[in-house]
file work_25.pdb (PDB, C-alpha atoms and all ligand atoms)
ATOM      1  CA  MET M  14      -1.265 -25.342 -15.788  1.00  0.00           C
ATOM      2  CA  ARG M  15      -4.096 -23.000 -14.808  1.00  0.00           C
ATOM      3  CA  THR M  16      -7.567 -24.446 -14.995  1.00  0.00           C
ATOM      4  CA  PRO M  17     -10.198 -22.105 -16.499  1.00  0.00           C
ATOM      5  CA  GLY M  18     -12.332 -19.934 -14.229  1.00  0.00           C
ATOM      6  CA  ALA M  19     -10.758 -17.926 -11.479  1.00  0.00           C
ATOM      7  CA  ARG M  20     -10.002 -18.140  -7.788  1.00  0.00           C
ATOM      8  CA  LEU M  21     -11.170 -14.915  -6.271  1.00  0.00           C
ATOM      9  CA  LEU M  22     -11.877 -13.295  -2.926  1.00  0.00           C
ATOM     10  CA  ILE M  23     -14.189 -10.358  -2.371  1.00  0.00           C
ATOM     11  CA  VAL M  24     -13.497  -8.371   0.780  1.00  0.00           C
ATOM     12  CA  GLY M  25     -15.058  -5.218   2.193  1.00  0.00           C
ATOM     13  CA  PRO M  26     -16.860  -3.846   5.222  1.00  0.00           C
ATOM     14  CA  PRO M  27     -20.374  -5.030   6.062  1.00  0.00           C
ATOM     15  CA  GLY M  28     -22.786  -3.150   3.824  1.00  0.00           C
ATOM     16  CA  ALA M  29     -20.325  -2.599   0.965  1.00  0.00           C
ATOM     17  CA  GLY M  30     -22.438  -4.774  -1.335  1.00  0.00           C
ATOM     18  CA  LYS M  31     -20.210  -7.885  -1.433  1.00  0.00           C
ATOM     19  CA  GLY M  32     -23.059 -10.382  -1.685  1.00  0.00           C
ATOM     20  CA  THR M  33     -24.755  -8.611  -4.579  1.00  0.00           C
ATOM     21  CA  GLN M  34     -21.528  -8.240  -6.529  1.00  0.00           C
ATOM     22  CA  ALA M  35     -20.380 -11.767  -5.675  1.00  0.00           C
ATOM     23  CA  SER M  36     -23.353 -13.425  -7.366  1.00  0.00           C
ATOM     24  CA  ARG M  37     -22.937 -11.299 -10.483  1.00  0.00           C
ATOM     25  CA  LEU M  38     -19.212 -11.981 -10.740  1.00  0.00           C
ATOM     26  CA  ALA M  39     -19.679 -15.679 -10.117  1.00  0.00           C
ATOM     27  CA  ALA M  40     -22.199 -15.836 -12.958  1.00  0.00           C
ATOM     28  CA  ALA M  41     -19.819 -13.928 -15.237  1.00  0.00           C
ATOM     29  CA  TYR M  42     -16.913 -16.297 -14.537  1.00  0.00           C
ATOM     30  CA  GLY M  43     -18.968 -19.494 -14.317  1.00  0.00           C
ATOM     31  CA  ILE M  44     -17.778 -20.201 -10.775  1.00  0.00           C
ATOM     32  CA  PRO M  45     -19.688 -20.686  -7.512  1.00  0.00           C
ATOM     33  CA  ALA M  46     -20.036 -17.735  -5.130  1.00  0.00           C
ATOM     34  CA  ILE M  47     -19.368 -19.104  -1.672  1.00  0.00           C
ATOM     35  CA  SER M  48     -20.586 -16.878   1.139  1.00  0.00           C
ATOM     36  CA  THR M  49     -19.779 -18.122   4.617  1.00  0.00           C
ATOM     37  CA  GLY M  50     -22.410 -15.728   6.010  1.00  0.00           C
ATOM     38  CA  ASP M  51     -25.101 -17.221   3.746  1.00  0.00           C
ATOM     39  CA  ILE M  52     -24.117 -20.774   4.637  1.00  0.00           C
ATOM     40  CA  PHE M  53     -24.165 -19.952   8.346  1.00  0.00           C
ATOM     41  CA  ARG M  54     -27.568 -18.237   8.001  1.00  0.00           C
ATOM     42  CA  GLU M  55     -29.030 -21.272   6.179  1.00  0.00           C
ATOM     43  CA  ASN M  56     -27.803 -23.500   8.994  1.00  0.00           C
ATOM     44  CA  VAL M  57     -29.309 -21.217  11.638  1.00  0.00           C
ATOM     45  CA  ARG M  58     -32.624 -21.218   9.760  1.00  0.00           C
ATOM     46  CA  GLY M  59     -32.553 -25.008   9.399  1.00  0.00           C
ATOM     47  CA  GLU M  60     -31.602 -25.397  13.090  1.00  0.00           C
ATOM     48  CA  THR M  61     -28.761 -27.779  12.177  1.00  0.00           C
ATOM     49  CA  GLU M  62     -26.063 -28.625  14.701  1.00  0.00           C
ATOM     50  CA  LEU M  63     -23.761 -26.064  13.080  1.00  0.00           C
ATOM     51  CA  GLY M  64     -26.582 -23.518  13.090  1.00  0.00           C
ATOM     52  CA  LEU M  65     -27.104 -23.958  16.814  1.00  0.00           C
ATOM     53  CA  GLN M  66     -23.354 -23.552  17.394  1.00  0.00           C
ATOM     54  CA  VAL M  67     -23.053 -20.325  15.442  1.00  0.00           C
ATOM     55  CA  LYS M  68     -26.344 -18.531  16.172  1.00  0.00           C
ATOM     56  CA  SER M  69     -25.236 -16.551  19.211  1.00  0.00           C
ATOM     57  CA  PHE M  70     -22.057 -15.346  17.490  1.00  0.00           C
ATOM     58  CA  MET M  71     -24.014 -14.176  14.484  1.00  0.00           C
ATOM     59  CA  ASP M  72     -26.764 -12.486  16.480  1.00  0.00           C
ATOM     60  CA  SER M  73     -24.182 -10.428  18.354  1.00  0.00           C
ATOM     61  CA  GLY M  74     -22.200  -9.596  15.207  1.00  0.00           C
ATOM     62  CA  SER M  75     -19.125 -11.470  16.477  1.00  0.00           C
ATOM     63  CA  TYR M  76     -17.019 -13.722  14.344  1.00  0.00           C
ATOM     64  CA  VAL M  77     -17.772 -17.427  14.397  1.00  0.00           C
ATOM     65  CA  PRO M  78     -14.725 -19.293  15.789  1.00  0.00           C
ATOM     66  CA  ASP M  79     -12.020 -19.985  13.199  1.00  0.00           C
ATOM     67  CA  ASP M  80     -12.160 -23.778  13.520  1.00  0.00           C
ATOM     68  CA  LEU M  81     -15.842 -23.969  12.647  1.00  0.00           C
ATOM     69  CA  THR M  82     -15.437 -21.502   9.804  1.00  0.00           C
ATOM     70  CA  ASN M  83     -12.335 -23.157   8.366  1.00  0.00           C
ATOM     71  CA  ASP M  84     -13.933 -26.617   8.419  1.00  0.00           C
ATOM     72  CA  LEU M  85     -16.972 -25.269   6.628  1.00  0.00           C
ATOM     73  CA  VAL M  86     -14.880 -23.685   3.872  1.00  0.00           C
ATOM     74  CA  ALA M  87     -12.590 -26.708   3.498  1.00  0.00           C
ATOM     75  CA  ASP M  88     -15.655 -28.866   2.970  1.00  0.00           C
ATOM     76  CA  ARG M  89     -17.291 -26.467   0.524  1.00  0.00           C
ATOM     77  CA  LEU M  90     -14.128 -26.052  -1.560  1.00  0.00           C
ATOM     78  CA  SER M  91     -13.906 -29.831  -1.933  1.00  0.00           C
ATOM     79  CA  TRP M  92     -17.147 -29.912  -3.938  1.00  0.00           C
ATOM     80  CA  THR M  93     -16.523 -30.544  -7.622  1.00  0.00           C
ATOM     81  CA  ASP M  94     -18.186 -27.278  -8.685  1.00  0.00           C
ATOM     82  CA  ALA M  95     -15.236 -25.434  -7.125  1.00  0.00           C
ATOM     83  CA  ASP M  96     -12.601 -27.423  -9.054  1.00  0.00           C
ATOM     84  CA  GLY M  97     -12.299 -24.787 -11.762  1.00  0.00           C
ATOM     85  CA  GLY M  98     -12.516 -21.789  -9.475  1.00  0.00           C
ATOM     86  CA  PHE M  99     -14.610 -20.002  -6.894  1.00  0.00           C
ATOM     87  CA  LEU M 100     -15.398 -16.638  -5.438  1.00  0.00           C
ATOM     88  CA  LEU M 101     -15.206 -16.519  -1.665  1.00  0.00           C
ATOM     89  CA  ASP M 102     -17.387 -13.831  -0.111  1.00  0.00           C
ATOM     90  CA  GLY M 103     -16.743 -13.058   3.546  1.00  0.00           C
ATOM     91  CA  TYR M 104     -13.810 -15.433   4.026  1.00  0.00           C
ATOM     92  CA  PRO M 105     -11.069 -15.168   5.180  1.00  0.00           C
ATOM     93  CA  ARG M 106     -11.793 -12.636   7.906  1.00  0.00           C
ATOM     94  CA  THR M 107      -8.959 -13.336  10.362  1.00  0.00           C
ATOM     95  CA  PRO M 108      -5.215 -14.045  10.046  1.00  0.00           C
ATOM     96  CA  ALA M 109      -5.813 -17.676  11.089  1.00  0.00           C
ATOM     97  CA  GLN M 110      -8.404 -18.090   8.337  1.00  0.00           C
ATOM     98  CA  ALA M 111      -6.081 -16.540   5.749  1.00  0.00           C
ATOM     99  CA  ALA M 112      -3.335 -18.984   6.767  1.00  0.00           C
ATOM    100  CA  LYS M 113      -5.753 -21.893   6.549  1.00  0.00           C
ATOM    101  CA  LEU M 114      -6.930 -20.849   3.101  1.00  0.00           C
ATOM    102  CA  ASP M 115      -3.319 -20.766   1.891  1.00  0.00           C
ATOM    103  CA  GLU M 116      -2.900 -24.285   3.214  1.00  0.00           C
ATOM    104  CA  MET M 117      -6.085 -25.543   1.532  1.00  0.00           C
ATOM    105  CA  LEU M 118      -5.059 -24.066  -1.809  1.00  0.00           C
ATOM    106  CA  SER M 119      -1.447 -25.190  -1.745  1.00  0.00           C
ATOM    107  CA  ARG M 120      -2.543 -28.732  -0.949  1.00  0.00           C
ATOM    108  CA  ASN M 121      -4.142 -28.745  -4.421  1.00  0.00           C
ATOM    109  CA  ASP M 122      -1.364 -26.726  -6.052  1.00  0.00           C
ATOM    110  CA  HIS M 123      -3.697 -23.783  -6.486  1.00  0.00           C
ATOM    111  CA  ASP M 124      -3.181 -20.039  -6.110  1.00  0.00           C
ATOM    112  CA  LEU M 125      -5.533 -17.142  -5.760  1.00  0.00           C
ATOM    113  CA  ASP M 126      -5.882 -15.058  -8.914  1.00  0.00           C
ATOM    114  CA  ALA M 127      -7.098 -11.803  -7.370  1.00  0.00           C
ATOM    115  CA  VAL M 128      -8.523 -10.254  -4.221  1.00  0.00           C
ATOM    116  CA  ILE M 129     -11.182  -7.620  -4.815  1.00  0.00           C
ATOM    117  CA  GLU M 130     -11.533  -5.000  -2.106  1.00  0.00           C
ATOM    118  CA  LEU M 131     -14.873  -3.233  -2.302  1.00  0.00           C
ATOM    119  CA  VAL M 132     -14.192   0.187  -0.839  1.00  0.00           C
ATOM    120  CA  ALA M 133     -17.084   2.055   0.794  1.00  0.00           C
ATOM    121  CA  ASP M 134     -17.174   4.722   3.470  1.00  0.00           C
ATOM    122  CA  THR M 135     -18.647   4.068   6.873  1.00  0.00           C
ATOM    123  CA  ASP M 136     -21.593   6.484   6.762  1.00  0.00           C
ATOM    124  CA  GLU M 137     -22.790   4.952   3.528  1.00  0.00           C
ATOM    125  CA  THR M 138     -22.411   1.362   4.704  1.00  0.00           C
ATOM    126  CA  VAL M 139     -24.236   2.026   7.985  1.00  0.00           C
ATOM    127  CA  ALA M 140     -27.087   3.677   6.063  1.00  0.00           C
ATOM    128  CA  ARG M 141     -27.287   0.682   3.714  1.00  0.00           C
ATOM    129  CA  LEU M 142     -27.317  -1.803   6.578  1.00  0.00           C
ATOM    130  CA  LEU M 143     -30.048   0.062   8.441  1.00  0.00           C
ATOM    131  CA  LYS M 144     -32.107   0.086   5.264  1.00  0.00           C
ATOM    132  CA  ARG M 145     -31.514  -3.650   4.781  1.00  0.00           C
ATOM    133  CA  ALA M 146     -32.663  -4.187   8.370  1.00  0.00           C
ATOM    134  CA  THR M 147     -36.101  -2.849   7.516  1.00  0.00           C
ATOM    135  CA  LEU M 148     -36.255  -4.842   4.250  1.00  0.00           C
ATOM    136  CA  GLU M 149     -34.841  -8.223   5.296  1.00  0.00           C
ATOM    137  CA  GLY M 150     -35.128  -8.224   9.071  1.00  0.00           C
ATOM    138  CA  ARG M 151     -31.668  -9.706   9.628  1.00  0.00           C
ATOM    139  CA  SER M 152     -31.021 -10.187  13.343  1.00  0.00           C
ATOM    140  CA  ASP M 153     -27.533  -8.669  13.035  1.00  0.00           C
ATOM    141  CA  ASP M 154     -28.598  -5.449  11.327  1.00  0.00           C
ATOM    142  CA  THR M 155     -29.453  -3.447  14.460  1.00  0.00           C
ATOM    143  CA  GLU M 156     -27.416  -0.305  15.090  1.00  0.00           C
ATOM    144  CA  ASP M 157     -25.301  -1.624  17.992  1.00  0.00           C
ATOM    145  CA  VAL M 158     -24.545  -4.872  16.237  1.00  0.00           C
ATOM    146  CA  ILE M 159     -23.702  -3.047  13.003  1.00  0.00           C
ATOM    147  CA  ARG M 160     -21.208  -0.898  14.888  1.00  0.00           C
ATOM    148  CA  HIS M 161     -19.608  -4.004  16.397  1.00  0.00           C
ATOM    149  CA  ARG M 162     -19.380  -5.695  12.978  1.00  0.00           C
ATOM    150  CA  LEU M 163     -17.720  -2.623  11.436  1.00  0.00           C
ATOM    151  CA  GLU M 164     -15.280  -2.419  14.308  1.00  0.00           C
ATOM    152  CA  LEU M 165     -14.348  -6.102  13.975  1.00  0.00           C
ATOM    153  CA  TYR M 166     -13.858  -5.631  10.242  1.00  0.00           C
ATOM    154  CA  ALA M 167     -11.513  -2.683  10.785  1.00  0.00           C
ATOM    155  CA  ARG M 168      -9.540  -4.445  13.505  1.00  0.00           C
ATOM    156  CA  GLN M 169      -9.334  -8.036  12.255  1.00  0.00           C
ATOM    157  CA  THR M 170     -10.143  -8.182   8.570  1.00  0.00           C
ATOM    158  CA  ALA M 171      -8.910  -4.967   6.910  1.00  0.00           C
ATOM    159  CA  PRO M 172      -5.278  -5.683   7.972  1.00  0.00           C
ATOM    160  CA  LEU M 173      -5.384  -8.921   5.953  1.00  0.00           C
ATOM    161  CA  LEU M 174      -5.484  -6.822   2.824  1.00  0.00           C
ATOM    162  CA  ASP M 175      -1.825  -5.855   3.325  1.00  0.00           C
ATOM    163  CA  LEU M 176      -0.915  -9.489   2.959  1.00  0.00           C
ATOM    164  CA  TYR M 177      -2.663  -9.736  -0.398  1.00  0.00           C
ATOM    165  CA  GLU M 178      -1.270  -6.425  -1.535  1.00  0.00           C
ATOM    166  CA  ASP M 179       2.237  -7.679  -0.814  1.00  0.00           C
ATOM    167  CA  ARG M 180       1.494 -10.658  -3.030  1.00  0.00           C
ATOM    168  CA  GLY M 181       0.336  -8.370  -5.847  1.00  0.00           C
ATOM    169  CA  LEU M 182      -3.203  -9.735  -5.714  1.00  0.00           C
ATOM    170  CA  LEU M 183      -5.147  -6.759  -4.372  1.00  0.00           C
ATOM    171  CA  THR M 184      -7.544  -4.852  -6.629  1.00  0.00           C
ATOM    172  CA  GLN M 185      -9.355  -1.955  -4.972  1.00  0.00           C
ATOM    173  CA  VAL M 186     -12.695  -0.990  -6.461  1.00  0.00           C
ATOM    174  CA  ASP M 187     -14.995   1.869  -5.468  1.00  0.00           C
ATOM    175  CA  GLY M 188     -18.139   0.177  -4.134  1.00  0.00           C
ATOM    176  CA  LEU M 189     -20.310   3.285  -4.171  1.00  0.00           C
ATOM    177  CA  GLY M 190     -22.825   3.945  -6.885  1.00  0.00           C
ATOM    178  CA  ASP M 191     -25.166   2.032  -9.110  1.00  0.00           C
ATOM    179  CA  ILE M 192     -24.943  -1.768  -8.832  1.00  0.00           C
ATOM    180  CA  ASP M 193     -24.299  -2.253 -12.573  1.00  0.00           C
ATOM    181  CA  VAL M 194     -21.621   0.418 -12.564  1.00  0.00           C
ATOM    182  CA  VAL M 195     -19.822  -1.242  -9.655  1.00  0.00           C
ATOM    183  CA  THR M 196     -20.001  -4.640 -11.397  1.00  0.00           C
ATOM    184  CA  GLY M 197     -18.534  -3.020 -14.517  1.00  0.00           C
ATOM    185  CA  ARG M 198     -15.691  -1.536 -12.485  1.00  0.00           C
ATOM    186  CA  ILE M 199     -14.826  -4.901 -10.983  1.00  0.00           C
ATOM    187  CA  LEU M 200     -14.994  -6.755 -14.309  1.00  0.00           C
ATOM    188  CA  GLY M 201     -12.794  -4.053 -15.852  1.00  0.00           C
ATOM    189  CA  ALA M 202     -10.235  -4.285 -13.070  1.00  0.00           C
ATOM    190  CA  LEU M 203     -10.113  -8.083 -13.315  1.00  0.00           C
ATOM    191  CA  ALA M 204      -9.823  -7.993 -17.111  1.00  0.00           C
ATOM    192  CA  GLN M 205      -6.799  -5.714 -16.699  1.00  0.00           C
ATOM    193  CA  ARG M 206      -5.217  -8.518 -14.713  1.00  0.00           C
ATOM    194  CA  GLY M 207      -5.843 -10.914 -17.566  1.00  0.00           C
ATOM    195  CA  LEU M 208      -8.914 -12.442 -15.906  1.00  0.00           C
ATOM    196  CA  LYS M 209     -11.507 -12.243 -18.635  1.00  0.00           C
ATOM    197  CA  ALA M 210     -15.045 -13.303 -17.824  1.00  0.00           C
ATOM    198  CA  ALA M 211     -16.427 -16.311 -19.743  1.00  0.00           C
TER     199      ALA M 211
HETATM  200  P1  LIG M 301     -21.847 -11.727   6.371  1.00  0.00           P
HETATM  201  O1  LIG M 301     -23.104 -12.200   5.728  1.00  0.00           O
HETATM  202  O2  LIG M 301     -20.621 -12.020   5.549  1.00  0.00           O
HETATM  203  O3  LIG M 301     -21.930 -10.290   6.821  1.00  0.00           O
HETATM  204  O4  LIG M 301     -21.676 -12.590   7.709  1.00  0.00           O
HETATM  205  C1  LIG M 301     -22.644 -12.556   8.720  1.00  0.00           C
HETATM  206  C2  LIG M 301     -22.085 -13.138  10.012  1.00  0.00           C
HETATM  207  O5  LIG M 301     -21.671 -14.493   9.792  1.00  0.00           O
HETATM  208  C3  LIG M 301     -20.856 -12.450  10.548  1.00  0.00           C
HETATM  209  O6  LIG M 301     -21.156 -11.295  11.312  1.00  0.00           O
HETATM  210  C4  LIG M 301     -20.257 -13.560  11.406  1.00  0.00           C
HETATM  211  O7  LIG M 301     -20.996 -13.741  12.595  1.00  0.00           O
HETATM  212  C5  LIG M 301     -20.503 -14.787  10.544  1.00  0.00           C
HETATM  213  N1  LIG M 301     -19.386 -15.030   9.588  1.00  0.00           N
HETATM  214  C6  LIG M 301     -19.470 -15.012   8.231  1.00  0.00           C
HETATM  215  N2  LIG M 301     -18.272 -15.289   7.688  1.00  0.00           N
HETATM  216  C7  LIG M 301     -17.410 -15.439   8.713  1.00  0.00           C
HETATM  217  C8  LIG M 301     -16.015 -15.700   8.793  1.00  0.00           C
HETATM  218  N3  LIG M 301     -15.259 -15.863   7.705  1.00  0.00           N
HETATM  219  N4  LIG M 301     -15.462 -15.810  10.035  1.00  0.00           N
HETATM  220  C9  LIG M 301     -16.202 -15.676  11.140  1.00  0.00           C
HETATM  221  N5  LIG M 301     -17.512 -15.401  11.144  1.00  0.00           N
HETATM  222  C10 LIG M 301     -18.125 -15.283   9.937  1.00  0.00           C
END

call {"tool": "encode", "arguments": {"input": "work_25.pdb", "output": "structure tokens", "more": "lines below"}}
Ligand code: AMP
result
Amino acid sequence: MRTPGARLLIVGPPGAGKGTQASRLAAAYGIPAISTGDIFRENVRGETELGLQVKSFMDSGSYVPDDLTNDLVADRLSWTDADGGFLLDGYPRTPAQAAKLDEMLSRNDHDLDAVIELVADTDETVARLLKRATLEGRSDDTEDVIRHRLELYARQTAPLLDLYEDRGLLTQVDGLGDIDVVTGRILGALAQRGLKAA
């Protein structure tokens, strides 16, 4: 039997607004938003062992190795707050991560309920990231690094969406426009799949 809540992924290029939408959706469904990028950044800030291991990958806009990322997610999904569902933001990003996520879920007899793709064009996302660079000072928001992150997304992560489409899980949502409007679009698309917010 399905437990309440929902098991969701949010996927999209850097700058599409995943983090902002993820916290709103998580609040609406009463599930934790789990952002691998946020967890890595906290570890870098706190200079933990993991933080020291991942800092150079993050600064250059490269992906953190799959083993480190998979272990982090496996641990986080074992917390009791994720028993009834979760929203993963920024994971999986590679075929190996997608395979590992399947394994983690099937071990607990769980399935994903939907995969939200936040669609945004490149010019807009680059402009947003450059703006964020001046506001937040993230070390990976410089122009060269942004280009590298977009390229990695197109090459390694976007192809994963075919997999979820084949499984009938993919919901594409236009990520451009007012934040509230985008949230409304996502909630509407999920409700159409029978996933009503709490
Ligand atoms: P994000 O905040 O999702 O844009 O992630 C920021 C950075 O964290 C990425 O550029 C990667 O260096 C690292 N990262 C976050 N999630 C992953 C992941 N699933 N696999 C590999 N690296 C990741």

call {"tool": "closest_atom_pairs", "arguments": {"input": "work_25.pdb", "of": "range 47-153 of chain M", "to": "range 202-206 of chain M", "cutoff": "9 Å", "atoms": "all atoms listed in the file", "output": "JSON lines"}}
result
{"residue": "M:Asp126", "atom": "CA", "partner": "M:Arg206", "partner_atom": "CA", "distance": 8.8}
{"residue": "M:Ala127", "atom": "CA", "partner": "M:Leu203", "partner_atom": "CA", "distance": 7.6}
{"residue": "M:Ile129", "atom": "CA", "partner": "M:Leu203", "partner_atom": "CA", "distance": 8.6}

call {"tool": "residues_near_ligand", "arguments": {"input": "work_25.pdb", "ligand": "ligand LIG 301 (chain M)", "cutoff": "7 Å", "atoms": "all atoms listed in the file", "output": "PyMOL selection string"}}
result
chain M and resi 27+48-51+53+70-71+74-79+82+102-107+162

call {"tool": "closest_residue", "arguments": {"input": "work_25.pdb", "among": "M:Leu81, M:Leu100, M:Glu60, M:Ala95", "to": "Arg37 in chain M", "atoms": "all atoms listed in the file"}}
result
M:Leu100

call {"tool": "residues_around", "arguments": {"input": "work_25.pdb", "residues": "Leu125 in chain M", "least_positions_apart": "5", "cutoff": "10 Å", "atoms": "all atoms listed in the file", "output": "list in words"}}
result
Ala19, Arg20, Leu21, Leu22, Gly98, Phe99, Leu100, Leu114, Asp115, Leu118, Ser119, Tyr177, Arg180 and Leu182 of chain M

call {"tool": "resolve_selection", "arguments": {"input": "work_25.pdb", "expression": "the PyMOL selection byres (((chain M and resi 108) around 9) and not hetatm)", "output": "ChimeraX atom specification"}}
result
/M:105-107,109-113,169-170,172-173

call {"tool": "closest_residue", "arguments": {"input": "work_25.pdb", "among": "M:Ser91, M:Gln185, M:Thr135, M:Thr155", "to": "Asn121 in chain M", "atoms": "all atoms listed in the file"}}
result
M:Ser91

call {"tool": "axis_aligned_box", "arguments": {"input": "work_25.pdb", "around": "range 79-94 of chain M", "padding_each_side": "4 Å", "output": "AutoDock Vina command-line options"}}
result
--center_x -15.1 --center_y -25.3 --center_z 2.4 --size_x 14.2 --size_y 18.6 --size_z 30.2

call {"tool": "closest_residue", "arguments": {"input": "work_25.pdb", "among": "M:Leu143, M:Gly59, M:Gly207, M:Gly18", "to": "Ala41 in chain M", "atoms": "all atoms listed in the file"}}
result
M:Gly18

call {"tool": "atom_distance", "arguments": {"input": "work_25.pdb", "atom1": "CA of Ser152 in chain M", "atom2": "CA of Ile47 in chain M"}}
result
21.0 Å

call {"tool": "closest_residue", "arguments": {"input": "work_25.pdb", "among": "M:Arg168, M:His123, M:Arg160, M:Arg198", "to": "Thr138 in chain M", "atoms": "only C-alpha atoms"}}
result
M:Arg160

call {"tool": "residues_near_point", "arguments": {"input": "work_25.pdb", "point": "(-30.0, -9.0, -5.4)", "cutoff": "12 Å", "atoms": "only C-alpha atoms", "output": "ChimeraX atom specification"}}
result
/M:30-37,145,149,192-193

call {"tool": "write_last_selection", "arguments": {"input": "work_25.pdb", "atoms": "C-alpha atoms", "output": "mmCIF file, in the coordinates of the input"}}
result
data_model
loop_
_atom_site.group_PDB
_atom_site.id
_atom_site.type_symbol
_atom_site.label_atom_id
_atom_site.label_comp_id
_atom_site.auth_asym_id
_atom_site.auth_seq_id
_atom_site.Cartn_x
_atom_site.Cartn_y
_atom_site.Cartn_z
ATOM 1 C CA GLY M 30 -22.438 -4.774 -1.335
ATOM 2 C CA LYS M 31 -20.210 -7.885 -1.433
ATOM 3 C CA GLY M 32 -23.059 -10.382 -1.685
ATOM 4 C CA THR M 33 -24.755 -8.611 -4.579
ATOM 5 C CA GLN M 34 -21.528 -8.240 -6.529
ATOM 6 C CA ALA M 35 -20.380 -11.767 -5.675
ATOM 7 C CA SER M 36 -23.353 -13.425 -7.366
ATOM 8 C CA ARG M 37 -22.937 -11.299 -10.483
ATOM 9 C CA ARG M 145 -31.514 -3.650 4.781
ATOM 10 C CA GLU M 149 -34.841 -8.223 5.296
ATOM 11 C CA ILE M 192 -24.943 -1.768 -8.832
ATOM 12 C CA ASP M 193 -24.299 -2.253 -12.573
#

call {"tool": "atom_distance", "arguments": {"input": "work_25.pdb", "atom1": "CA of Leu176 in chain M", "atom2": "CA of Arg141 in chain M"}}
result
28.3 Å

call {"tool": "residues_near_point", "arguments": {"input": "work_25.pdb", "point": "(-26.7, -7.0, 19.8)", "cutoff": "8 Å", "atoms": "only C-alpha atoms", "output": "PyMOL selection string"}}
result
chain M and resi 72-74+153+155+157-158

call {"tool": "write_last_selection", "arguments": {"input": "work_25.pdb", "atoms": "C-alpha atoms", "output": "compact mmCIF listing (two decimals), keeping the file's coordinate frame"}}
result
# COMPACT_ATOMS: atom_id res chain seq x y z
CA ASP M 72 -26.76 -12.49 16.48
CA SER M 73 -24.18 -10.43 18.35
CA GLY M 74 -22.20 -9.60 15.21
CA ASP M 153 -27.53 -8.67 13.04
CA THR M 155 -29.45 -3.45 14.46
CA ASP M 157 -25.30 -1.62 17.99
CA VAL M 158 -24.54 -4.87 16.24

call {"tool": "atom_distance", "arguments": {"input": "work_25.pdb", "atom1": "CA of Ala46 in chain M", "atom2": "CA of Leu101 in chain M"}}
result
6.1 Å

call {"tool": "resolve_selection", "arguments": {"input": "work_25.pdb", "expression": "the PyMOL selection byres (((chain M and resi 134) around 9) and not hetatm)", "output": "list in words"}}
result
Pro26, Ala29, Val132, Ala133, Thr135, Asp136, Glu137, Thr138, Val139, Gly188 and Leu189 of chain M

call {"tool": "write_last_selection", "arguments": {"input": "work_25.pdb", "atoms": "C-alpha atoms", "output": "CSV table (one decimal), in the frame of the given file"}}
result
chain,number,residue,atom,x,y,z
M,26,PRO,CA,-16.9,-3.8,5.2
M,29,ALA,CA,-20.3,-2.6,1.0
M,132,VAL,CA,-14.2,0.2,-0.8
M,133,ALA,CA,-17.1,2.1,0.8
M,135,THR,CA,-18.6,4.1,6.9
M,136,ASP,CA,-21.6,6.5,6.8
M,137,GLU,CA,-22.8,5.0,3.5
M,138,THR,CA,-22.4,1.4,4.7
M,139,VAL,CA,-24.2,2.0,8.0
M,188,GLY,CA,-18.1,0.2,-4.1
M,189,LEU,CA,-20.3,3.3,-4.2

call {"tool": "closest_residue", "arguments": {"input": "work_25.pdb", "among": "M:Met117, M:Val128, M:Ala167, M:Leu148", "to": "Leu183 in chain M", "atoms": "all atoms listed in the file"}}
result
M:Val128

call {"tool": "closest_residue", "arguments": {"input": "work_25.pdb", "among": "M:Ala39, M:Ile199, M:Leu85, M:Leu163", "to": "Ile52 in chain M", "atoms": "all atoms listed in the file"}}
result
M:Leu85

call {"tool": "decode", "arguments": {"input": "work_25.pdb", "residues": "range 128-135 of chain M", "atoms": "N, CA, C and O atoms", "output": "short mmCIF file (atom, residue, chain, number, x, y, z; two decimals), in the first residue's frame"}}
result
data_model
loop_
_atom_site.label_atom_id
_atom_site.label_comp_id
_atom_site.auth_asym_id
_atom_site.auth_seq_id
_atom_site.Cartn_x
_atom_site.Cartn_y
_atom_site.Cartn_z
N VAL M 128 8.45 12.57 -11.74
CA VAL M 128 9.70 13.29 -11.97
C VAL M 128 9.33 14.60 -12.65
O VAL M 128 8.74 14.59 -13.74
N ILE M 129 9.63 15.71 -11.98
CA ILE M 129 9.28 17.02 -12.53
C ILE M 129 10.50 17.56 -13.28
O ILE M 129 11.58 17.70 -12.69
N GLU M 130 10.32 17.83 -14.56
CA GLU M 130 11.40 18.51 -15.30
C GLU M 130 11.04 19.99 -15.40
O GLU M 130 10.01 20.34 -15.97
N LEU M 131 11.91 20.82 -14.84
CA LEU M 131 11.70 22.26 -14.94
C LEU M 131 12.42 22.73 -16.20
O LEU M 131 13.65 22.68 -16.28
N VAL M 132 11.65 23.15 -17.18
CA VAL M 132 12.21 23.48 -18.48
C VAL M 132 12.52 24.98 -18.53
O VAL M 132 11.66 25.80 -18.19
N ALA M 133 13.75 25.32 -18.91
CA ALA M 133 14.11 26.74 -19.01
C ALA M 133 15.19 26.89 -20.07
O ALA M 133 16.06 26.02 -20.19
N ASP M 134 15.13 27.95 -20.85
CA ASP M 134 16.12 28.05 -21.93
C ASP M 134 17.45 28.60 -21.41
O ASP M 134 17.53 29.21 -20.35
N THR M 135 18.49 28.31 -22.18
CA THR M 135 19.85 28.55 -21.71
C THR M 135 20.13 30.03 -21.44
O THR M 135 20.73 30.35 -20.41
#
